[in-house]
Amino acid sequence: MIIPERISVYMNSLDTGNGCFLDELERTANEACVPIIRKDMQSFLKVLLALQKPKKILEVGTAIGFSAILMAMNTEPDCRITTIENYEKRIGPAQANFTRAGLENRISLLQGDAQQLLPALKESYDFIFMDAAKGQYMAFLPEVLRLLRVGGVLVSDNVLQDGDLIESHYAIEQRNRTIYKRMREYLYTLKHTEGLVTSIVAVGDGAAVTVKESEDILL
């Protein structure tokens, strides 16, 4: 764990939850081993949304819709969310959860590969939440930055890979080395690209919070 377990347990013990619907959805997801954002990331995301007050949100990686619903419930009623999911088996459950939450008119789900769908999007977004295949973050980044308005915030989740990112390349299992290399490249790019201001924080499995300060970003 990035944060010592005792500290994490204490911080999570202070959490007031997300309401009956999301708390039950979280229990169901955990029982079915469906990945959703961790409790400390949930709290962090709510604070960022309260600060940013976005009207248009883009999410890359829907899963069963937990984080999209969380964002909808913690923004104003006129905020609209577009979310992208490529795994066919999660499309139906996500859509059903949006309907059950009464948010089907605020959340639009696009099915397909984000690398193909992102170039077709024309709107600009105030807030983008990246929580998809970790090895693809770098591939998504040019289009994500194109879609993010100046002053907008990009939040990239699970960027520290349970601490593996600080290990030597040779200490990483062979099957994980490509993701390891790509994520290190991704974080380096966020921290060293002119026009981007990024903080990497040890919340959940690590999150990068990036503010776009200029229109033309050269990667």
# chains A, B, ... in the order shown; residues from 1 in each chain; ligands from 1

$ residues_around --residues "segment 51-61 of chain A" --least-positions-apart "4" --cutoff "8 Å" --atoms "only C-alpha atoms" --output "compact mmCIF listing (two decimals) with N, CA and C atoms, in the first residue's frame"
# COMPACT_ATOMS: atom_id res chain seq x y z
N VAL A 47 -13.91 16.54 -3.31
CA VAL A 47 -13.33 17.85 -2.99
C VAL A 47 -12.94 18.58 -4.27
N ALA A 68 -18.93 7.72 -12.31
CA ALA A 68 -19.77 8.67 -13.05
C ALA A 68 -20.96 9.11 -12.19
N THR A 75 -22.14 17.26 -8.26
CA THR A 75 -22.09 18.45 -9.11
C THR A 75 -23.50 19.01 -9.25
N GLU A 76 -23.61 20.17 -9.83
CA GLU A 76 -24.92 20.80 -9.99
C GLU A 76 -25.78 20.02 -11.00
N ASP A 78 -27.20 20.80 -13.63
CA ASP A 78 -26.98 21.10 -15.05
C ASP A 78 -25.64 20.57 -15.56
N CYS A 79 -24.89 19.90 -14.71
CA CYS A 79 -23.62 19.29 -15.15
C CYS A 79 -23.92 18.04 -15.96
N ARG A 80 -23.25 17.89 -17.09
CA ARG A 80 -23.43 16.73 -17.96
C ARG A 80 -22.13 15.94 -18.02
N ILE A 81 -22.25 14.61 -18.00
CA ILE A 81 -21.10 13.72 -17.98
C ILE A 81 -21.14 12.80 -19.19
N THR A 82 -20.02 12.73 -19.91
CA THR A 82 -19.84 11.76 -21.00
C THR A 82 -18.81 10.76 -20.52
N THR A 83 -19.13 9.47 -20.60
CA THR A 83 -18.22 8.44 -20.11
C THR A 83 -18.02 7.38 -21.19
N ILE A 84 -16.81 6.86 -21.28
CA ILE A 84 -16.42 5.92 -22.33
C ILE A 84 -16.03 4.59 -21.71
N GLU A 85 -16.58 3.50 -22.27
CA GLU A 85 -16.24 2.15 -21.79
C GLU A 85 -16.10 1.21 -22.98
N ASN A 86 -15.05 0.40 -22.95
CA ASN A 86 -14.77 -0.52 -24.05
C ASN A 86 -15.15 -1.96 -23.76
N ALA A 114 -11.51 4.08 -26.50
CA ALA A 114 -11.34 5.53 -26.30
C ALA A 114 -10.40 6.13 -27.33
N SER A 124 -15.55 20.92 -25.51
CA SER A 124 -14.48 21.06 -24.53
C SER A 124 -15.07 20.74 -23.15
N TYR A 125 -14.21 20.23 -22.28
CA TYR A 125 -14.66 19.77 -20.97
C TYR A 125 -13.93 20.53 -19.87
N ASP A 126 -14.64 20.73 -18.76
CA ASP A 126 -14.08 21.42 -17.60
C ASP A 126 -13.25 20.49 -16.73
N PHE A 127 -13.59 19.20 -16.78
CA PHE A 127 -13.02 18.22 -15.86
C PHE A 127 -12.97 16.88 -16.58
N ILE A 128 -11.82 16.23 -16.58
CA ILE A 128 -11.68 14.92 -17.21
C ILE A 128 -11.11 13.95 -16.18
N PHE A 129 -11.78 12.80 -16.06
CA PHE A 129 -11.35 11.76 -15.13
C PHE A 129 -10.88 10.56 -15.92
N MET A 130 -9.60 10.24 -15.80
CA MET A 130 -8.99 9.13 -16.54
C MET A 130 -8.86 7.93 -15.61
N ASP A 131 -9.58 6.85 -15.93
CA ASP A 131 -9.54 5.66 -15.08
C ASP A 131 -9.76 4.43 -15.95
N ALA A 132 -8.95 4.31 -16.99
CA ALA A 132 -9.10 3.22 -17.95
C ALA A 132 -7.84 2.35 -17.90
N ALA A 133 -7.53 1.67 -19.02
CA ALA A 133 -6.35 0.82 -19.09
C ALA A 133 -5.10 1.66 -18.86
N VAL A 153 -9.33 20.72 -15.41
CA VAL A 153 -8.56 19.79 -14.57
C VAL A 153 -8.66 18.37 -15.12

$ residues_around --residues "Arg146 of chain A" --least-positions-apart "5" --cutoff "10 Å" --atoms "only C-alpha atoms" --output "PyMOL selection string"
chain A and resi 118-119+121-125+141+212+215-217

$ closest_residue --among "A:Val203, A:Cys33, A:Val150, A:Met138" --to "Thr178 of chain A" --atoms "only C-alpha atoms"
A:Met138

$ closest_residue --among "A:Ser8, A:Ser13, A:Asn74, A:Thr62" --to "Asp113 of chain A" --atoms "only C-alpha atoms"
A:Thr62

$ select_by_dssp --residues "segment 70-179 of chain A" --states "strand (DSSP E or B)" --output "compact mmCIF listing (two decimals) with N, CA, C and O atoms, in the first residue's frame"
# COMPACT_ATOMS: atom_id res chain seq x y z
N ARG A 80 -23.25 17.89 -17.09
CA ARG A 80 -23.43 16.73 -17.96
C ARG A 80 -22.13 15.94 -18.02
O ARG A 80 -21.04 16.51 -18.09
N ILE A 81 -22.25 14.61 -18.00
CA ILE A 81 -21.10 13.72 -17.98
C ILE A 81 -21.14 12.80 -19.19
O ILE A 81 -22.16 12.17 -19.47
N THR A 82 -20.02 12.73 -19.91
CA THR A 82 -19.84 11.76 -21.00
C THR A 82 -18.81 10.76 -20.52
O THR A 82 -17.73 11.14 -20.05
N THR A 83 -19.13 9.47 -20.60
CA THR A 83 -18.22 8.44 -20.11
C THR A 83 -18.02 7.38 -21.19
O THR A 83 -18.94 7.07 -21.95
N ILE A 84 -16.81 6.86 -21.28
CA ILE A 84 -16.42 5.92 -22.33
C ILE A 84 -16.03 4.59 -21.71
O ILE A 84 -15.25 4.53 -20.76
N GLU A 85 -16.58 3.50 -22.27
CA GLU A 85 -16.24 2.15 -21.79
C GLU A 85 -16.10 1.21 -22.98
O GLU A 85 -16.94 1.21 -23.87
N ILE A 107 -25.98 11.53 -17.73
CA ILE A 107 -24.79 10.74 -18.05
C ILE A 107 -24.98 10.05 -19.39
O ILE A 107 -25.94 9.29 -19.58
N SER A 108 -24.08 10.31 -20.33
CA SER A 108 -24.11 9.67 -21.66
C SER A 108 -22.95 8.70 -21.76
O SER A 108 -21.79 9.08 -21.54
N LEU A 109 -23.25 7.45 -22.08
CA LEU A 109 -22.22 6.42 -22.17
C LEU A 109 -21.90 6.13 -23.63
O LEU A 109 -22.79 5.82 -24.42
N LEU A 110 -20.62 6.23 -23.99
CA LEU A 110 -20.16 5.89 -25.33
C LEU A 110 -19.42 4.57 -25.26
O LEU A 110 -18.50 4.40 -24.45
N GLN A 111 -19.83 3.61 -26.10
CA GLN A 111 -19.21 2.30 -26.09
C GLN A 111 -18.16 2.19 -27.18
O GLN A 111 -18.42 2.48 -28.34
N TYR A 125 -14.21 20.23 -22.28
CA TYR A 125 -14.66 19.77 -20.97
C TYR A 125 -13.93 20.53 -19.87
O TYR A 125 -12.76 20.88 -19.99
N ASP A 126 -14.64 20.73 -18.76
CA ASP A 126 -14.08 21.42 -17.60
C ASP A 126 -13.25 20.49 -16.73
O ASP A 126 -12.33 20.91 -16.03
N PHE A 127 -13.59 19.20 -16.78
CA PHE A 127 -13.02 18.22 -15.86
C PHE A 127 -12.97 16.88 -16.58
O PHE A 127 -13.97 16.45 -17.17
N ILE A 128 -11.82 16.23 -16.58
CA ILE A 128 -11.68 14.92 -17.21
C ILE A 128 -11.11 13.95 -16.18
O ILE A 128 -10.10 14.23 -15.53
N PHE A 129 -11.78 12.80 -16.06
CA PHE A 129 -11.35 11.76 -15.13
C PHE A 129 -10.88 10.56 -15.92
O PHE A 129 -11.66 9.93 -16.64
N MET A 130 -9.60 10.24 -15.80
CA MET A 130 -8.99 9.13 -16.54
C MET A 130 -8.86 7.93 -15.61
O MET A 130 -8.10 7.96 -14.62
N LEU A 148 -9.73 19.20 -23.15
CA LEU A 148 -9.77 19.91 -21.87
C LEU A 148 -9.63 21.42 -22.10
O LEU A 148 -8.71 21.87 -22.78
N ARG A 149 -10.55 22.18 -21.55
CA ARG A 149 -10.49 23.63 -21.72
C ARG A 149 -9.32 24.20 -20.91
O ARG A 149 -8.83 23.58 -19.95
N VAL A 150 -8.89 25.39 -21.30
CA VAL A 150 -7.86 26.08 -20.52
C VAL A 150 -8.44 26.37 -19.12
O VAL A 150 -9.56 26.88 -18.99
N GLY A 151 -7.71 26.02 -18.10
CA GLY A 151 -8.20 26.15 -16.73
C GLY A 151 -8.88 24.89 -16.23
O GLY A 151 -9.22 24.79 -15.05
N GLY A 152 -9.07 23.92 -17.14
CA GLY A 152 -9.70 22.66 -16.78
C GLY A 152 -8.74 21.74 -16.04
O GLY A 152 -7.53 21.93 -16.04
N VAL A 153 -9.33 20.72 -15.41
CA VAL A 153 -8.56 19.79 -14.57
C VAL A 153 -8.66 18.37 -15.12
O VAL A 153 -9.75 17.89 -15.44
N LEU A 154 -7.50 17.72 -15.24
CA LEU A 154 -7.42 16.31 -15.60
C LEU A 154 -6.98 15.54 -14.36
O LEU A 154 -5.94 15.83 -13.76
N VAL A 155 -7.77 14.54 -13.98
CA VAL A 155 -7.40 13.66 -12.87
C VAL A 155 -7.14 12.26 -13.43
O VAL A 155 -8.01 11.66 -14.04
N SER A 156 -5.93 11.77 -13.24
CA SER A 156 -5.55 10.45 -13.71
C SER A 156 -5.40 9.53 -12.50
O SER A 156 -4.57 9.78 -11.62
N ASP A 157 -6.20 8.46 -12.45
CA ASP A 157 -6.23 7.60 -11.28
C ASP A 157 -5.28 6.41 -11.44
O ASP A 157 -4.92 6.02 -12.55

$ atom_distance --atom1 "atom CA of Ala208 of chain A" --atom2 "atom CA of Gln115 of chain A"
20.2 Å

$ atom_distance --atom1 "atom CA of Ile64 of chain A" --atom2 "atom CA of Tyr137 of chain A"
19.8 Å

$ closest_residue --among "A:Lys89, A:Ser43, A:Val144, A:Lys181" --to "Gln161 of chain A" --atoms "only C-alpha atoms"
A:Lys181
